[in-house]
Amino acid sequence: MPKACLGFNPQGEASLPSSISPITPISETQLVKEHVGLVFIGHVDHGKSTLCGRILSDLGLVSERTAENCIERWRYAGYLDDEPREEETGKTIEYARARFETNTKRYTILDAPGHRNYIPMMIDAAAQADVAILVISARSKEFEAGFQKSGQTREHIILAKTLGVRSIVVVVNKMDDSTVAWSKERFDTICKAVSSFLTAVGFSDFRFVPLSGFNGINVHGDVKEPLWYRGKSLLSTLDSLPPIPRNVDAPLVLPIYMVENEHGKVYVSGKIEVGTLSVDRDFVVMPGDHKVHVAAIYPDYGSPKTVSVGTAGENVRLELEKVPIDHLRRGAVMCLPNERLTTCKQFSTELKVLYLPPPVMVFSVGYKAMIHIHSEVVECEVKVLLSEFDKKGKKVRNKPPFVKAGSKVEAVIEVARPVVMEPYQKTMQLGRFTLRVGGDTIGFGIVLKCKPL
């Protein structure tokens, strides 16, 4: 379960934890500002949480008490820590949520863990985001440690692309470190290596910002150093990103990430992927075809006020009626009663095999993994290998007995329980997935056809 900077009191009203000071309640007219989900990704200890904390601190969203009580060596990074283990170690374990706004946009921060043991939480966060802030340390040897194959920088980039992140802002952090001293040569070396990998993965919209998260240099406002940098600060760069296209007129798709029961009231949280929902209307939760009634919509913001409408791109918390809590679970999806989504256990896919951990280093019929698709995580098994393709997409074999890492295949996969999904060409948010085994990401793919139950 994520750490949530947006909490709720026993009366079901939105509230902020003590670490974050209240902000002015927003009106529905203010919701006209574009909402952008930001996931902070990158290798462990490269400064993701510090940068998040610095942004909130500079915008006046951190209480004096929290700032005073935070351990100095984890200053800023500790502002979002809720769990004792995080406070003791300075490591992010669960992803944290916070929010801020500028003159033009509203942002939800999703601070993802960088340690490879907590990749599932990183996947959860990235799946709810539109833009990724890839934080890379410029400090001597730290960039190299994160960018090598055993580091998390490459895996985070691949996962972000697979999970639907549209744009990446690459933050080259710790540029003021004594081993870097705002070196343009070091910055250019990092930009060249990361640009090549981003392009290879399929990103076309990315940009670079040199900064110091701890000291707040180039985080927002005017850029004062280094003299050779002619770009914008981080927040100005974010505000300059083109508007994100939202399909508000399509039938509703809202994957559920969290279910809560507070004093007899049932709440679910998730991101509206496409479509629109409003209060005092009935919807359906699938699998199970359970009817629900939306009693209240809370925007993912620090306001106790509700709104009457939520649209695509918004992170929302909903108060539901007319449904027992045991009919709801993470991985279910809300939709319209007359536009029900497909529930299936078997589907065909186009899949890229990235890596196969020992001892089973071939991908064949019977291979088992965990599939991450929207908010669902469930065991799956390969039932049929239909075709193998070369790097250019040309079919080279029909029904291969097995394939190795680096291969692209068309296959039939079966999941252990019914899952809501759609062909990627119809609803991409429900048609892309990642496969993992143990602590490794082994592949990603898209749904071609579903076999409805």
# chains A, B, ... in the order shown; residues from 1 in each chain; ligands from 1
call {"tool": "residues_around", "arguments": {"residues": "Val39 in chain A", "least_positions_apart": "5", "cutoff": "7 Å", "atoms": "only C-alpha atoms", "output": "list in words"}}
result
Ile109, Leu110, Asp111, Ala112, Ala125, Ala126, Ala129, Val131, Ala132 and Ile133 of chain A
call {"tool": "select_by_dssp", "arguments": {"residues": "range 121-324 of chain A", "states": "alpha helix (DSSP H)", "output": "ChimeraX atom specification"}}
result
/A:121-127,142-147,153-162,184-201,234-239
call {"tool": "closest_residue", "arguments": {"among": "A:Met428, A:Leu351, A:Val268, A:Cys380", "to": "Gly393 in chain A", "atoms": "only C-alpha atoms"}}
result
A:Leu351
call {"tool": "atom_distance", "arguments": {"atom1": "CA of Met361 in chain A", "atom2": "CA of Thr441 in chain A"}}
result
13.5 Å
call {"tool": "closest_residue", "arguments": {"among": "A:Arg436, A:Lys399, A:Arg54, A:Lys426", "to": "Ala250 in chain A", "atoms": "only C-alpha atoms"}}
result
A:Lys426
call {"tool": "residues_around", "arguments": {"residues": "range 172-176 of chain A", "least_positions_apart": "2", "cutoff": "10 Å", "atoms": "only C-alpha atoms", "output": "PyMOL selection string"}}
result
chain A and resi 46-48+51+134-140+143+169-170+178-184+186-187+190-191+208-215+217+225-226
call {"tool": "write_last_selection", "arguments": {"atoms": "N, CA and C atoms", "output": "short mmCIF file (atom, residue, chain, number, x, y, z; two decimals), in the first residue's frame"}}
result
data_model
loop_
_atom_site.label_atom_id
_atom_site.label_comp_id
_atom_site.auth_asym_id
_atom_site.auth_seq_id
_atom_site.Cartn_x
_atom_site.Cartn_y
_atom_site.Cartn_z
N HIS A 46 20.17 8.14 -5.66
CA HIS A 46 20.53 9.18 -6.63
C HIS A 46 19.84 10.51 -6.33
N GLY A 47 18.94 10.53 -5.33
CA GLY A 47 18.38 11.80 -4.87
C GLY A 47 16.93 12.05 -5.22
N LYS A 48 16.14 11.00 -5.49
CA LYS A 48 14.73 11.18 -5.85
C LYS A 48 13.94 11.81 -4.71
N LEU A 51 14.90 15.39 -3.85
CA LEU A 51 14.37 16.36 -4.81
C LEU A 51 12.88 16.61 -4.57
N LEU A 134 13.40 11.28 -14.29
CA LEU A 134 14.48 10.32 -14.11
C LEU A 134 15.64 11.02 -13.42
N VAL A 135 15.90 10.64 -12.17
CA VAL A 135 16.93 11.30 -11.38
C VAL A 135 18.22 10.49 -11.48
N ILE A 136 19.28 11.14 -11.96
CA ILE A 136 20.58 10.51 -12.14
C ILE A 136 21.64 11.30 -11.38
N SER A 137 22.44 10.60 -10.60
CA SER A 137 23.52 11.26 -9.87
C SER A 137 24.73 11.44 -10.77
N ALA A 138 25.23 12.68 -10.81
CA ALA A 138 26.44 12.96 -11.59
C ALA A 138 27.71 12.67 -10.79
N ARG A 139 27.57 12.38 -9.50
CA ARG A 139 28.73 12.15 -8.65
C ARG A 139 29.59 11.01 -9.22
N SER A 140 30.89 11.13 -9.02
CA SER A 140 31.83 10.15 -9.55
C SER A 140 31.42 8.73 -9.21
N PHE A 143 26.70 7.54 -11.35
CA PHE A 143 25.98 7.37 -12.60
C PHE A 143 26.27 6.01 -13.19
N VAL A 169 11.74 13.77 -18.13
CA VAL A 169 12.67 14.86 -17.84
C VAL A 169 13.81 14.25 -17.05
N VAL A 170 15.00 14.26 -17.61
CA VAL A 170 16.16 13.65 -16.98
C VAL A 170 16.85 14.71 -16.12
N SER A 178 31.71 17.85 -5.19
CA SER A 178 33.12 18.19 -5.43
C SER A 178 33.75 17.37 -6.54
N THR A 179 33.21 16.16 -6.80
CA THR A 179 33.75 15.33 -7.87
C THR A 179 33.25 15.75 -9.25
N VAL A 180 32.29 16.68 -9.27
CA VAL A 180 31.70 17.12 -10.54
C VAL A 180 31.95 18.61 -10.78
N ALA A 181 31.63 19.42 -9.76
CA ALA A 181 31.86 20.87 -9.83
C ALA A 181 31.24 21.49 -11.08
N TRP A 182 30.00 21.10 -11.39
CA TRP A 182 29.25 21.64 -12.52
C TRP A 182 29.99 21.44 -13.85
N SER A 183 30.63 20.31 -13.99
CA SER A 183 31.40 20.03 -15.20
C SER A 183 30.48 19.80 -16.40
N LYS A 184 30.66 20.60 -17.44
CA LYS A 184 29.88 20.42 -18.67
C LYS A 184 30.25 19.10 -19.33
N ARG A 186 31.09 16.29 -17.86
CA ARG A 186 30.39 15.21 -17.16
C ARG A 186 28.91 15.20 -17.54
N PHE A 187 28.29 16.36 -17.59
CA PHE A 187 26.89 16.48 -17.98
C PHE A 187 26.68 15.95 -19.39
N ILE A 190 26.87 12.09 -19.60
CA ILE A 190 25.65 11.45 -19.11
C ILE A 190 24.52 11.62 -20.11
N CYS A 191 24.35 12.82 -20.65
CA CYS A 191 23.29 13.07 -21.62
C CYS A 191 23.41 12.17 -22.84
N PHE A 208 16.91 17.36 -20.60
CA PHE A 208 17.85 17.23 -19.48
C PHE A 208 17.97 18.54 -18.71
N VAL A 209 18.05 18.40 -17.39
CA VAL A 209 18.22 19.57 -16.51
C VAL A 209 19.33 19.27 -15.51
N PRO A 210 20.43 20.06 -15.48
CA PRO A 210 21.45 19.88 -14.45
C PRO A 210 21.03 20.64 -13.19
N LEU A 211 21.13 20.00 -12.03
CA LEU A 211 20.70 20.69 -10.81
C LEU A 211 21.32 20.08 -9.57
N SER A 212 21.03 20.70 -8.45
CA SER A 212 21.35 20.16 -7.13
C SER A 212 20.06 20.12 -6.34
N GLY A 213 19.51 18.92 -6.12
CA GLY A 213 18.27 18.80 -5.39
C GLY A 213 18.40 19.24 -3.94
N PHE A 214 19.50 18.86 -3.30
CA PHE A 214 19.68 19.17 -1.88
C PHE A 214 19.78 20.68 -1.66
N ASN A 215 20.51 21.36 -2.51
CA ASN A 215 20.69 22.80 -2.35
C ASN A 215 19.71 23.64 -3.15
N ILE A 217 19.31 24.18 -6.37
CA ILE A 217 19.81 24.93 -7.52
C ILE A 217 19.18 24.40 -8.80
N GLU A 225 23.20 29.07 -12.29
CA GLU A 225 24.43 28.36 -12.61
C GLU A 225 24.07 26.97 -13.12
N PRO A 226 24.95 26.36 -13.90
CA PRO A 226 26.23 26.86 -14.39
C PRO A 226 26.05 27.84 -15.55
#
